[in-house]
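Colleague: Before we start, here is the structure in question, set down as structure tokens.
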Number of protein chains: 4
Amino acid sequence: MNSAASSAAPSNGLSGAYSEVRDATLALVGPLSAEDCCVQSMPDASPAKWHLAHTAWFFETFILERWEPDFSPFDRSFRILFNSYYNAVGDKHPRPQRGLLTRPSLAAVLAYRADVDRRVLALLARRASEPELAEMLVLGLHHEQQHQELLLTDIKHLFSRNPLAPAYQPLPARDTSPAHPAPLSWHDFAGGVREIGHAGSGFCFDNETPRHRVFVEPYRLASRPSCNGEYLAFIEDGGYADPRHWLSEGWDWRVSEQRQHPLYWKRTGRWQEFGLAGLRELDLSRPVVHVSYYEADAYARWAGARLPSEAEWELAAADIPADGNFYATGELQPRAASTQEMTQLFGDVWEWTASSYAPYPGFRIRPGAVGEYNGKFMVNQYVLRGGSCVTPDRHLRASYRNFFPATACWQFSGIRLAHDA
Amino acid sequence: MNSAASSAAPSNGLSGAYSEVRDATLALVGPLSAEDCCVQSMPDASPAKWHLAHTAWFFETFILERWEPDFSPFDRSFRILFNSYYNAVGDKHPRPQRGLLTRPSLAAVLAYRADVDRRVLALLARRASEPELAEMLVLGLHHEQQHQELLLTDIKHLFSRNPLAPAYQPLPARDTSPAHPAPLSWHDFAGGVREIGHAGSGFCFDNETPRHRVFVEPYRLASRPSCNGEYLAFIEDGGYADPRHWLSEGWDWRVSEQRQHPLYWKRTGRWQEFGLAGLRELDLSRPVVHVSYYEADAYARWAGARLPSEAEWELAAADIPADGNFYATGELQPRAASTQEMTQLFGDVWEWTASSYAPYPGFRIRPGAVGEYNGKFMVNQYVLRGGSCVTPDRHLRASYRNFFPATACWQFSGIRLAHDA
Amino acid sequence: MNSAASSAAPSNGLSGAYSEVRDATLALVGPLSAEDCCVQSMPDASPAKWHLAHTAWFFETFILERWEPDFSPFDRSFRILFNSYYNAVGDKHPRPQRGLLTRPSLAAVLAYRADVDRRVLALLARRASEPELAEMLVLGLHHEQQHQELLLTDIKHLFSRNPLAPAYQPLPARDTSPAHPAPLSWHDFAGGVREIGHAGSGFCFDNETPRHRVFVEPYRLASRPSCNGEYLAFIEDGGYADPRHWLSEGWDWRVSEQRQHPLYWKRTGRWQEFGLAGLRELDLSRPVVHVSYYEADAYARWAGARLPSEAEWELAAADIPADGNFYATGELQPRAASTQEMTQLFGDVWEWTASSYAPYPGFRIRPGAVGEYNGKFMVNQYVLRGGSCVTPDRHLRASYRNFFPATACWQFSGIRLAHDA
Amino acid sequence: MNSAASSAAPSNGLSGAYSEVRDATLALVGPLSAEDCCVQSMPDASPAKWHLAHTAWFFETFILERWEPDFSPFDRSFRILFNSYYNAVGDKHPRPQRGLLTRPSLAAVLAYRADVDRRVLALLARRASEPELAEMLVLGLHHEQQHQELLLTDIKHLFSRNPLAPAYQPLPARDTSPAHPAPLSWHDFAGGVREIGHAGSGFCFDNETPRHRVFVEPYRLASRPSCNGEYLAFIEDGGYADPRHWLSEGWDWRVSEQRQHPLYWKRTGRWQEFGLAGLRELDLSRPVVHVSYYEADAYARWAGARLPSEAEWELAAADIPADGNFYATGELQPRAASTQEMTQLFGDVWEWTASSYAPYPGFRIRPGAVGEYNGKFMVNQYVLRGGSCVTPDRHLRASYRNFFPATACWQFSGIRLAHDA
């Protein structure tokens, strides 16, 4: 959260950036009914309506309440209903019960958003030059972008549990994904004392700081994420039946969850995969996605490789523009690789790293509620890097650290292999 | 299911009865949004949309599929989605996942109902005189009335879990409930060999048959259900803290569920009660409602009494018209008693009996799917009698047997005390 | 608990009866090590050491504490450790943690028993003629006999969980069981107003009282319990794969517990059965045993029959001497039937009835701790009748009511079929 | 597992080392009864008998089976019963059911150990010079030492669950612990590229390899572990009631486990602590012990400090002799610090580090069953360093990595604070 000169504020100042991000959220629920927006398909997922409301709550709580003269909340009950996990702010509605909130209605939540937008824009018109306000606003926009991605992953999960296998949107008319993935090649990277963590003056989350030195041994990375065809070979080789490939805890997870394949694959004679365009033939050329850390690790071991550390990943990505198959392509699924160069570090699939999510040396949790943003989750989670096909554009950086428990599959998580040099 | 001359078919023949019952179901969802209709608040409850669809499914499956020439289902997937528990009919969607069905939409389900209605009425126009069809149709109407009550109990539960405590409907303008309940008096009933079970030619469910002889000792029944004020005295006497009043299993339930009062009571300095009109002051004069069998039994023991057997209840109710504070009064809550005569046997609150739900001597499960209606639930449940303030009119009989597990609280269940003579 | 003239007091007065029953308990642990006596294999079962100690606790608490001058407990901590469920007596050690008590040692518990015995006998020498003392002592002896049976069922369960399948004792040298069971025949019983419940002046538990009138329709009972061969036909006919035979709750139990056969059967190419003599070939001629209520009910339905009510059972057994294959035969497994007459009502296997465990009309719970003996368990359990091959001799009566939840399998529970006449 | 020149083989060659370690295990069960040795108090803990048998199984499986001519197992069933987690070796008895094995008896297990000892010593007499055998034997001895510590932690847990609070052994006659701990002082350590991991030719586990370079920033470590008095100040300051101190997952753990203090503390008016000498007054001067990672982290945050990384810990300990208050002192509880120098890095309490347990760069899992020793546990666990008051002497090294999940409390785990310089 270094600065207001944010990558999320591309064109016409803060107000423009604000409107652009907020409108993008609204656009996401275009294909959804009020019913779709209300239901929670598991405790880890949230209803779309909750995402809509919580992101408004963030601006109301951290911008309007602080800077708006004569602040009065839109609805007092929303202060608790749509607090996610900020203990410093007060009570909160229990996470597993977010799906019980048929009231307030979707319409009421949209009105809440509109009211917050009107008031934030009015405030910006008067006080946009205030650095702290600008900084907090930019944080709110990045926060909102995170929920944009979560909204899509959560809807995908909800629809996957429906026997009708509804589509969020049709496939794009033109398929840009190669029929066959470029062969996987290996790229060498030098070792030594290097620096990782956020550099420069643009926005970043607190967990990307401070920039610091690390020592890495020379290493090799795969040119591209592992694809469905390669992962299927693991399955067909008995990968899900042989505990030698698995972490002990991963094997126990596999057994108790009765997993035989990635979360959204389905075996019905032939292999199919559920996606935001519904249930379709499994495309062997595309990157495998929706695997747990355990599956990623087992696959890597079976393949005679390993997962990269987050430092290895970041050093390889440091000089590459953060472009790729993000949400803006409209495809909403990963594409097959088209080159043997280092490719698809950004977009397509989040890449599991072997790194447990931990504070960087010298990391300080900030005082106040915003200090709860990241730091308190730094245990028993693993870092993912690079964004996915449902990550908003201009949201990612080489230093960006996403994190989920080893069991998580419903994010667009994939695998890039690594090797000692 | 004795006959087509049904109490649910009051006036203008089968078609009229059909339309009347079906329309009454639709009227129930008038105050509800599509969101309200979609969510499932616990595994025991179903979404309103599911009730709407399942009752259409019943007619489609047991009427149209059998009698309609060139039958073709409205939507093949609905055959599984909206089957409740009829194994003989085929697969079914898992009960705890009914709330995940944001699709089909409420609009689609209403279209399903309209299509079924059109076809059933067309069929009736041609073949109303066919006895088997008429019999099955009447069963379907009574089935639908049962789901009308469940729809209301399930919505009440859903709304109770919402911190906003929404009201399903406002209180009626005129309050018909006495400010003070008539004193509880005791009425004597003779013992001997008596008959219970359905008599006469009207409709009944299979579990009310066969009519059969039982031996009862002389007994006494309370004139009216126990009221909130009386139950509060139990609480204030430490009733929830003293295991001596409780069945051992009931005590374990109380401890693990941390119960201190009936399900919808709330202590916030003063006592409040959540109802279909929202959260209101607890009215001490009205019958206590939403208690489990364990609570009913503990209260009775504390009061030096016991719960009646279902035979005792039925014999006392046999000659009383099945009128009372049912759904049609529009009050949707029990009323205080206005007389010391035997009163409120019908309507207001379902009355827990001490009788485990079991087949009557000579009971036969009918062949085919309809045989799954009642018989397979005859274990570990307790019989309730008399209907409640959300039971449809003309649905109840003295011989009517409702049944729920001892833990169930979300039904409108109350207490009538009994004594040995 | 009617009288001191107890069936458990056969010969030489109370002191003799006391010593005989207490010594019989000790004899049961002869084949067991201290380790065997210490472990709890599931929450429903208790360690043998706990049975030894709790039965001593019963006499210490209900006899010595009340009648012994200058009473002082053997060990103050035992008052809590070995209380089972008597809330009126004070705190108790949690049931699922009985197996954690490696201290006190088995030796210490045996010393506790010896001390209690010495003091009880001394008391009896002085005050045997006191009616209340005599009555309580006889209750204690019947209580101890119940724990003798439980000790054996619990050891059987513990050993069944051990891959070594240890034997509690070898098979008797001489096998008294016929190679083929007598054919099952049906016996008719008249209906009408009849009496059940304990009659006469001998001992009984409170739950057998009061004797009272019931109305029964004419009925038929199977001459003998259903045998393994008959039950195997149910299995081979797909009985465990067809929900139509099962109560809905029973089917859910079967699925979640993954049951394919009775608890102690094992399929390893051929069928084996684990028993107190270890793992042996399944003997098709002997009564099936260790089935749940759900299995008994499903089997009966498959066989075109039903389970008897407890009244039907008791009326059939009323005039038959309570003799049979009880513990004293030393066989510890049920025998095949040798006659087509009504046989094996007593001993061999407890027979599930269709009757939910409920108080008899006019039943009163007695004041004080002894009132907790039976009454508070009268919900969600089913009555079993007739005793088993591990029930102590002279413990059973026609009016004796045993009770367990429908899920219970580790008791020696079997099936006698019934029919409407 | 670098070499046979083991720190566990101090004096008279392999045979001597073997006998010494094996006898030490037997000595541990001296104060225990067969009952004590049989029971499992939670799934994470194992019965003492199981530890005795499994350590024999290790030598039988990895030494005798490979090198003994005409190998035949002591008891075929033990191959499965006492396999812990080596999938490559075959089936294994489920961990949570280890406490059900009342057979084989303790005596039989001791006979098993004696037989294995006799045969191993005979083998050594013939083939001690074989490097691979020697290497595996030394691994077996270190493995056995690990189980010595586990045996004590597991017995402590078992006894803690017993209301009698039995003592494993009395307190030593002479108390060597200072009445007041030396004040906590801070020691500075330089940063830079440093090396950690096992160096030299002595034995180590595979997870300590390879030695490798890391970059560390300058840092400070507390001179001694935090003591009970300091931890009590955290409690009295409301530390267990304020989520701001806790990791989010740690707070959820605290709430669901209802923790208010370290595992073995007890508040009864005054504070007591359960230990291997029974329940005693809490000694404020001794190091706090039996805290989870969550508690250690919360305490550190409250104290304005943090936990050290494992590299920071190891670099500070690298030049310090691995001496301290280990098992051999006979005290079996941590001592208060007597100096402000860096002290008690070894012995007293295991020190939680902030490092998630992960493979060192270049780590290779070894082929075969021994490869399952460490590597497959490298997820969702945290590294502890330095050994405890129940760790065998000559078992620890500066590079030694212990690891447990963040929830684990029953190990002798404590806290040493760290700071950025």
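Order determines the names: the first chain of the structure tokens is A, the second B, and so forth; residues in each chain are numbered 1 upward, and ligands are numbered 1 upward as they are shown.
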Write out as a list of chain:residue names every residue belonging to chain C that has an atom at most 8 Å from any atom of chain B, counting only C-alpha atoms.
Modeller: C:Asn87, C:Ala88, C:Val193, C:Arg213, C:Val214, C:Phe215, C:Val216, C:Glu217, C:Pro243, C:Arg244, C:Trp246, C:Leu247, C:Ser248, C:Glu249, C:Ser356, C:Pro361, C:Gly362, C:Gly375, C:Lys376, C:Phe377, C:Met378, C:Val379, C:Asn380, C:Gln381, C:Asp420
Colleague: Take the residues just selected and output them with N, CA, C and O atoms as an mmCIF file, in the first residue's frame.
Modeller:
data_model
loop_
_atom_site.group_PDB
_atom_site.id
_atom_site.type_symbol
_atom_site.label_atom_id
_atom_site.label_comp_id
_atom_site.auth_asym_id
_atom_site.auth_seq_id
_atom_site.Cartn_x
_atom_site.Cartn_y
_atom_site.Cartn_z
ATOM 1 N N ASN C 87 -27.341 -38.421 38.459
ATOM 2 C CA ASN C 87 -27.112 -37.001 38.701
ATOM 3 C C ASN C 87 -27.412 -36.625 40.142
ATOM 4 O O ASN C 87 -26.786 -35.735 40.710
ATOM 5 N N ALA C 88 -28.384 -37.315 40.737
ATOM 6 C CA ALA C 88 -28.780 -36.950 42.094
ATOM 7 C C ALA C 88 -27.665 -37.259 43.086
ATOM 8 O O ALA C 88 -27.635 -36.730 44.190
ATOM 9 N N VAL C 193 -58.443 -58.297 25.540
ATOM 10 C CA VAL C 193 -57.876 -57.506 26.627
ATOM 11 C C VAL C 193 -57.067 -58.437 27.509
ATOM 12 O O VAL C 193 -57.591 -59.411 28.050
ATOM 13 N N ARG C 213 -53.615 -53.564 31.763
ATOM 14 C CA ARG C 213 -54.346 -54.179 30.657
ATOM 15 C C ARG C 213 -53.936 -53.581 29.310
ATOM 16 O O ARG C 213 -53.676 -52.376 29.221
ATOM 17 N N VAL C 214 -53.874 -54.441 28.317
ATOM 18 C CA VAL C 214 -53.644 -53.984 26.940
ATOM 19 C C VAL C 214 -54.630 -54.725 26.051
ATOM 20 O O VAL C 214 -55.138 -55.788 26.417
ATOM 21 N N PHE C 215 -54.888 -54.140 24.891
ATOM 22 C CA PHE C 215 -55.705 -54.854 23.911
ATOM 23 C C PHE C 215 -54.803 -55.329 22.787
ATOM 24 O O PHE C 215 -54.068 -54.534 22.204
ATOM 25 N N VAL C 216 -54.832 -56.618 22.518
ATOM 26 C CA VAL C 216 -54.051 -57.131 21.387
ATOM 27 C C VAL C 216 -54.977 -57.849 20.415
ATOM 28 O O VAL C 216 -55.958 -58.479 20.812
ATOM 29 N N GLU C 217 -54.665 -57.710 19.135
ATOM 30 C CA GLU C 217 -55.348 -58.490 18.109
ATOM 31 C C GLU C 217 -54.721 -59.894 18.070
ATOM 32 O O GLU C 217 -53.590 -60.084 18.515
ATOM 33 N N PRO C 243 -33.366 -50.289 -0.866
ATOM 34 C CA PRO C 243 -33.953 -49.460 0.194
ATOM 35 C C PRO C 243 -35.407 -49.790 0.486
ATOM 36 O O PRO C 243 -35.911 -49.394 1.533
ATOM 37 N N ARG C 244 -36.072 -50.510 -0.407
ATOM 38 C CA ARG C 244 -37.487 -50.786 -0.151
ATOM 39 C C ARG C 244 -37.713 -51.614 1.106
ATOM 40 O O ARG C 244 -38.788 -51.588 1.697
ATOM 41 N N TRP C 246 -36.140 -51.263 3.875
ATOM 42 C CA TRP C 246 -35.621 -50.593 5.073
ATOM 43 C C TRP C 246 -36.451 -49.399 5.484
ATOM 44 O O TRP C 246 -36.973 -48.664 4.640
ATOM 45 N N LEU C 247 -36.493 -49.167 6.783
ATOM 46 C CA LEU C 247 -36.926 -47.866 7.280
ATOM 47 C C LEU C 247 -36.004 -46.806 6.706
ATOM 48 O O LEU C 247 -34.809 -47.051 6.519
ATOM 49 N N SER C 248 -36.529 -45.641 6.449
ATOM 50 C CA SER C 248 -35.729 -44.596 5.818
ATOM 51 C C SER C 248 -34.486 -44.287 6.660
ATOM 52 O O SER C 248 -33.365 -44.203 6.144
ATOM 53 N N GLU C 249 -34.681 -44.159 7.955
ATOM 54 C CA GLU C 249 -33.559 -43.879 8.843
ATOM 55 C C GLU C 249 -32.585 -45.065 8.894
ATOM 56 O O GLU C 249 -31.378 -44.883 9.020
ATOM 57 N N SER C 356 -41.414 -49.199 20.998
ATOM 58 C CA SER C 356 -40.574 -48.158 21.547
ATOM 59 C C SER C 356 -40.638 -48.233 23.065
ATOM 60 O O SER C 356 -41.692 -48.473 23.646
ATOM 61 N N PRO C 361 -48.633 -47.523 31.490
ATOM 62 C CA PRO C 361 -49.656 -46.629 32.053
ATOM 63 C C PRO C 361 -49.616 -46.676 33.577
ATOM 64 O O PRO C 361 -49.615 -47.759 34.169
ATOM 65 N N GLY C 362 -49.532 -45.525 34.184
ATOM 66 C CA GLY C 362 -49.482 -45.443 35.639
ATOM 67 C C GLY C 362 -48.083 -45.533 36.210
ATOM 68 O O GLY C 362 -47.895 -45.441 37.424
ATOM 69 N N GLY C 375 -36.319 -44.801 34.190
ATOM 70 C CA GLY C 375 -37.311 -43.936 33.567
ATOM 71 C C GLY C 375 -36.727 -42.913 32.618
ATOM 72 O O GLY C 375 -37.311 -42.608 31.585
ATOM 73 N N LYS C 376 -35.548 -42.395 32.926
ATOM 74 C CA LYS C 376 -35.064 -41.289 32.109
ATOM 75 C C LYS C 376 -34.528 -41.730 30.751
ATOM 76 O O LYS C 376 -34.115 -40.894 29.957
ATOM 77 N N PHE C 377 -34.559 -43.028 30.507
ATOM 78 C CA PHE C 377 -34.100 -43.526 29.195
ATOM 79 C C PHE C 377 -35.247 -43.837 28.243
ATOM 80 O O PHE C 377 -35.029 -44.407 27.174
ATOM 81 N N MET C 378 -36.463 -43.451 28.635
ATOM 82 C CA MET C 378 -37.626 -43.886 27.872
ATOM 83 C C MET C 378 -37.915 -42.986 26.682
ATOM 84 O O MET C 378 -38.978 -42.350 26.593
ATOM 85 N N VAL C 379 -36.989 -42.932 25.747
ATOM 86 C CA VAL C 379 -37.197 -42.195 24.496
ATOM 87 C C VAL C 379 -36.207 -42.745 23.462
ATOM 88 O O VAL C 379 -35.054 -43.052 23.795
ATOM 89 N N ASN C 380 -36.690 -42.914 22.253
ATOM 90 C CA ASN C 380 -35.807 -43.321 21.144
ATOM 91 C C ASN C 380 -35.015 -44.586 21.413
ATOM 92 O O ASN C 380 -33.861 -44.699 21.008
ATOM 93 N N GLN C 381 -35.622 -45.523 22.122
ATOM 94 C CA GLN C 381 -35.012 -46.832 22.292
ATOM 95 C C GLN C 381 -36.090 -47.878 22.012
ATOM 96 O O GLN C 381 -37.278 -47.594 22.085
ATOM 97 N N ASP C 420 -49.618 -60.829 11.684
ATOM 98 C CA ASP C 420 -51.023 -60.742 12.064
ATOM 99 C C ASP C 420 -51.650 -62.122 11.832
ATOM 100 O O ASP C 420 -51.234 -62.855 10.919
#
Colleague: With only C-alpha atoms as the counted atoms, please give the residues lying no more than 9 Å from D:Leu184, apart from itself and same-chain residues fewer than 4 positions off, as a PyMOL selection string.
Modeller: chain D and resi 222-226+337+339-340
Colleague: Skipping near chain neighbours, those fewer than 3 positions away, what residues fall within 12 Å of A:Leu32 using only C-alpha atoms, listed as a PDB file with N, CA and C atoms, in the first residue's frame?
Modeller:
ATOM      1  N   LEU A  26     -20.078  -4.495 -11.011  1.00  0.00           N
ATOM      2  CA  LEU A  26     -21.491  -4.628 -11.389  1.00  0.00           C
ATOM      3  C   LEU A  26     -21.652  -5.457 -12.648  1.00  0.00           C
ATOM      4  N   ALA A  27     -20.740  -5.242 -13.587  1.00  0.00           N
ATOM      5  CA  ALA A  27     -20.854  -5.973 -14.856  1.00  0.00           C
ATOM      6  C   ALA A  27     -20.770  -7.481 -14.632  1.00  0.00           C
ATOM      7  N   LEU A  28     -20.038  -7.861 -13.599  1.00  0.00           N
ATOM      8  CA  LEU A  28     -19.865  -9.309 -13.352  1.00  0.00           C
ATOM      9  C   LEU A  28     -21.178 -10.001 -13.018  1.00  0.00           C
ATOM     10  N   VAL A  29     -22.097  -9.287 -12.365  1.00  0.00           N
ATOM     11  CA  VAL A  29     -23.349  -9.943 -11.987  1.00  0.00           C
ATOM     12  C   VAL A  29     -24.410  -9.821 -13.077  1.00  0.00           C
ATOM     13  N   GLU A  35     -31.326 -14.898  -7.374  1.00  0.00           N
ATOM     14  CA  GLU A  35     -31.143 -16.185  -6.706  1.00  0.00           C
ATOM     15  C   GLU A  35     -29.679 -16.623  -6.767  1.00  0.00           C
ATOM     16  N   ASP A  36     -29.090 -16.526  -7.956  1.00  0.00           N
ATOM     17  CA  ASP A  36     -27.675 -16.888  -8.101  1.00  0.00           C
ATOM     18  C   ASP A  36     -26.803 -16.091  -7.142  1.00  0.00           C
ATOM     19  N   CYS A  37     -27.174 -14.833  -6.932  1.00  0.00           N
ATOM     20  CA  CYS A  37     -26.337 -13.942  -6.138  1.00  0.00           C
ATOM     21  C   CYS A  37     -26.482 -14.167  -4.641  1.00  0.00           C
ATOM     22  N   CYS A  38     -27.471 -14.947  -4.246  1.00  0.00           N
ATOM     23  CA  CYS A  38     -27.810 -15.043  -2.821  1.00  0.00           C
ATOM     24  C   CYS A  38     -27.207 -16.257  -2.119  1.00  0.00           C
ATOM     25  N   VAL A  39     -26.957 -17.316  -2.876  1.00  0.00           N
ATOM     26  CA  VAL A  39     -26.660 -18.615  -2.255  1.00  0.00           C
ATOM     27  C   VAL A  39     -25.166 -18.800  -2.016  1.00  0.00           C
ATOM     28  N   PRO A  47     -21.628 -15.567  -1.198  1.00  0.00           N
ATOM     29  CA  PRO A  47     -22.582 -15.217  -2.248  1.00  0.00           C
ATOM     30  C   PRO A  47     -22.104 -13.979  -3.005  1.00  0.00           C
ATOM     31  N   ALA A  48     -22.469 -13.900  -4.276  1.00  0.00           N
ATOM     32  CA  ALA A  48     -22.127 -12.725  -5.076  1.00  0.00           C
ATOM     33  C   ALA A  48     -22.680 -11.455  -4.431  1.00  0.00           C
ATOM     34  N   LYS A  49     -23.870 -11.554  -3.891  1.00  0.00           N
ATOM     35  CA  LYS A  49     -24.461 -10.383  -3.232  1.00  0.00           C
ATOM     36  C   LYS A  49     -23.603  -9.920  -2.063  1.00  0.00           C
ATOM     37  N   LEU A 106     -31.020  -8.211  -3.288  1.00  0.00           N
ATOM     38  CA  LEU A 106     -30.019  -7.765  -4.246  1.00  0.00           C
ATOM     39  C   LEU A 106     -30.258  -6.300  -4.616  1.00  0.00           C
ATOM     40  N   LEU A 151     -15.657 -13.488  -6.670  1.00  0.00           N
ATOM     41  CA  LEU A 151     -17.045 -13.614  -7.097  1.00  0.00           C
ATOM     42  C   LEU A 151     -17.152 -14.664  -8.216  1.00  0.00           C
ATOM     43  N   LEU A 152     -16.224 -14.618  -9.138  1.00  0.00           N
ATOM     44  CA  LEU A 152     -16.268 -15.581 -10.254  1.00  0.00           C
ATOM     45  C   LEU A 152     -15.922 -16.990  -9.786  1.00  0.00           C
ATOM     46  N   ILE A 155     -19.008 -18.262  -7.879  1.00  0.00           N
ATOM     47  CA  ILE A 155     -20.124 -18.620  -8.762  1.00  0.00           C
ATOM     48  C   ILE A 155     -19.816 -19.923  -9.497  1.00  0.00           C
ATOM     49  N   LYS A 156     -18.593 -20.083  -9.907  1.00  0.00           N
ATOM     50  CA  LYS A 156     -18.233 -21.330 -10.582  1.00  0.00           C
ATOM     51  C   LYS A 156     -18.475 -22.511  -9.646  1.00  0.00           C
ATOM     52  N   LEU A 158     -20.578 -22.641  -7.118  1.00  0.00           N
ATOM     53  CA  LEU A 158     -22.024 -22.814  -6.934  1.00  0.00           C
ATOM     54  C   LEU A 158     -22.638 -23.541  -8.121  1.00  0.00           C
ATOM     55  N   PHE A 159     -22.313 -23.102  -9.296  1.00  0.00           N
ATOM     56  CA  PHE A 159     -22.899 -23.722 -10.485  1.00  0.00           C
ATOM     57  C   PHE A 159     -22.415 -25.169 -10.655  1.00  0.00           C
ATOM     58  N   PRO A 166     -25.214 -25.165 -14.977  1.00  0.00           N
ATOM     59  CA  PRO A 166     -25.479 -23.951 -15.765  1.00  0.00           C
ATOM     60  C   PRO A 166     -24.185 -23.235 -16.172  1.00  0.00           C
ATOM     61  N   ALA A 167     -24.267 -22.520 -17.286  1.00  0.00           N
ATOM     62  CA  ALA A 167     -23.131 -21.731 -17.770  1.00  0.00           C
ATOM     63  C   ALA A 167     -23.261 -20.297 -17.279  1.00  0.00           C
ATOM     64  N   TYR A 168     -22.140 -19.731 -16.837  1.00  0.00           N
ATOM     65  CA  TYR A 168     -22.129 -18.318 -16.482  1.00  0.00           C
ATOM     66  C   TYR A 168     -22.161 -17.459 -17.740  1.00  0.00           C
ATOM     67  N   GLN A 169     -21.434 -17.885 -18.742  1.00  0.00           N
ATOM     68  CA  GLN A 169     -21.482 -17.206 -20.037  1.00  0.00           C
ATOM     69  C   GLN A 169     -21.081 -18.222 -21.100  1.00  0.00           C
TER      70      GLN A 169
ATOM     71  N   THR B 102     -30.039 -22.598  -7.512  1.00  0.00           N
ATOM     72  CA  THR B 102     -30.463 -21.267  -7.970  1.00  0.00           C
ATOM     73  C   THR B 102     -31.105 -21.367  -9.354  1.00  0.00           C
ATOM     74  N   ARG B 103     -30.754 -22.384 -10.087  1.00  0.00           N
ATOM     75  CA  ARG B 103     -31.451 -22.745 -11.314  1.00  0.00           C
ATOM     76  C   ARG B 103     -32.068 -24.114 -11.095  1.00  0.00           C
ATOM     77  N   SER B 105     -34.851 -21.234 -12.056  1.00  0.00           N
ATOM     78  CA  SER B 105     -35.255 -20.027 -11.349  1.00  0.00           C
ATOM     79  C   SER B 105     -36.665 -20.179 -10.790  1.00  0.00           C
TER      80      SER B 105
END
Colleague: List every residue of stretch 163-338 of chain A that DSSP, applied to the backbone of this structure, assigns to strand (DSSP E or B), and report them as number ranges by chain.
Modeller: A: 186-189, 192-196, 212-216, 219-222, 227, 265-268, 270-275, 278-281, 287, 306, 325
Colleague: Report the distance between atom CA of A:His157 and atom CA of B:Ala45 in Å, rounded to one decimal place.
Modeller: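 According to the coordinates, atom CA of A:His157 and atom CA of B:Ala45 are separated by 22.5 Å.
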Colleague: List the spatial neighbours of D:Val21 as a PyMOL selection string - criterion: any atom at most 8 Å away, only C-alpha atoms, same-chain residues fewer than 5 positions off excluded.
Modeller: chain D and resi 141+144-145
Colleague: By how many Å are atom CA of A:Ser201 and atom CA of A:Pro131 apart?
Modeller: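 Taking atom CA of A:Ser201 and atom CA of A:Pro131, their separation equals 14.0 Å.
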Colleague: I'd like the contact shell of C:Arg306 - 7 Å cut-off, only C-alpha atoms, skipping same-chain residues fewer than 6 positions apart - returned as number ranges by chain.
Modeller: C: 297, 300, 417-419
Colleague: Include N, CA, C and O atoms and write out the residues we just selected as a compact mmCIF listing (two decimals), in the first residue's frame.
Modeller:
# COMPACT_ATOMS: atom_id res chain seq x y z
N ASP C 297 -35.75 -55.18 11.44
CA ASP C 297 -36.97 -54.72 10.79
C ASP C 297 -36.92 -54.96 9.28
O ASP C 297 -37.91 -55.38 8.67
N ALA C 300 -37.34 -58.62 8.56
CA ALA C 300 -38.72 -59.05 8.75
C ALA C 300 -39.59 -58.63 7.56
O ALA C 300 -40.40 -59.41 7.06
N LEU C 417 -39.71 -63.50 14.28
CA LEU C 417 -40.72 -62.92 13.40
C LEU C 417 -42.12 -63.05 13.97
O LEU C 417 -42.40 -63.96 14.76
N ALA C 418 -42.98 -62.12 13.56
CA ALA C 418 -44.39 -62.15 13.95
C ALA C 418 -45.25 -61.88 12.72
O ALA C 418 -44.75 -61.43 11.68
N HIS C 419 -46.52 -62.14 12.86
CA HIS C 419 -47.51 -61.96 11.80
C HIS C 419 -48.84 -61.58 12.41
O HIS C 419 -49.14 -62.02 13.52
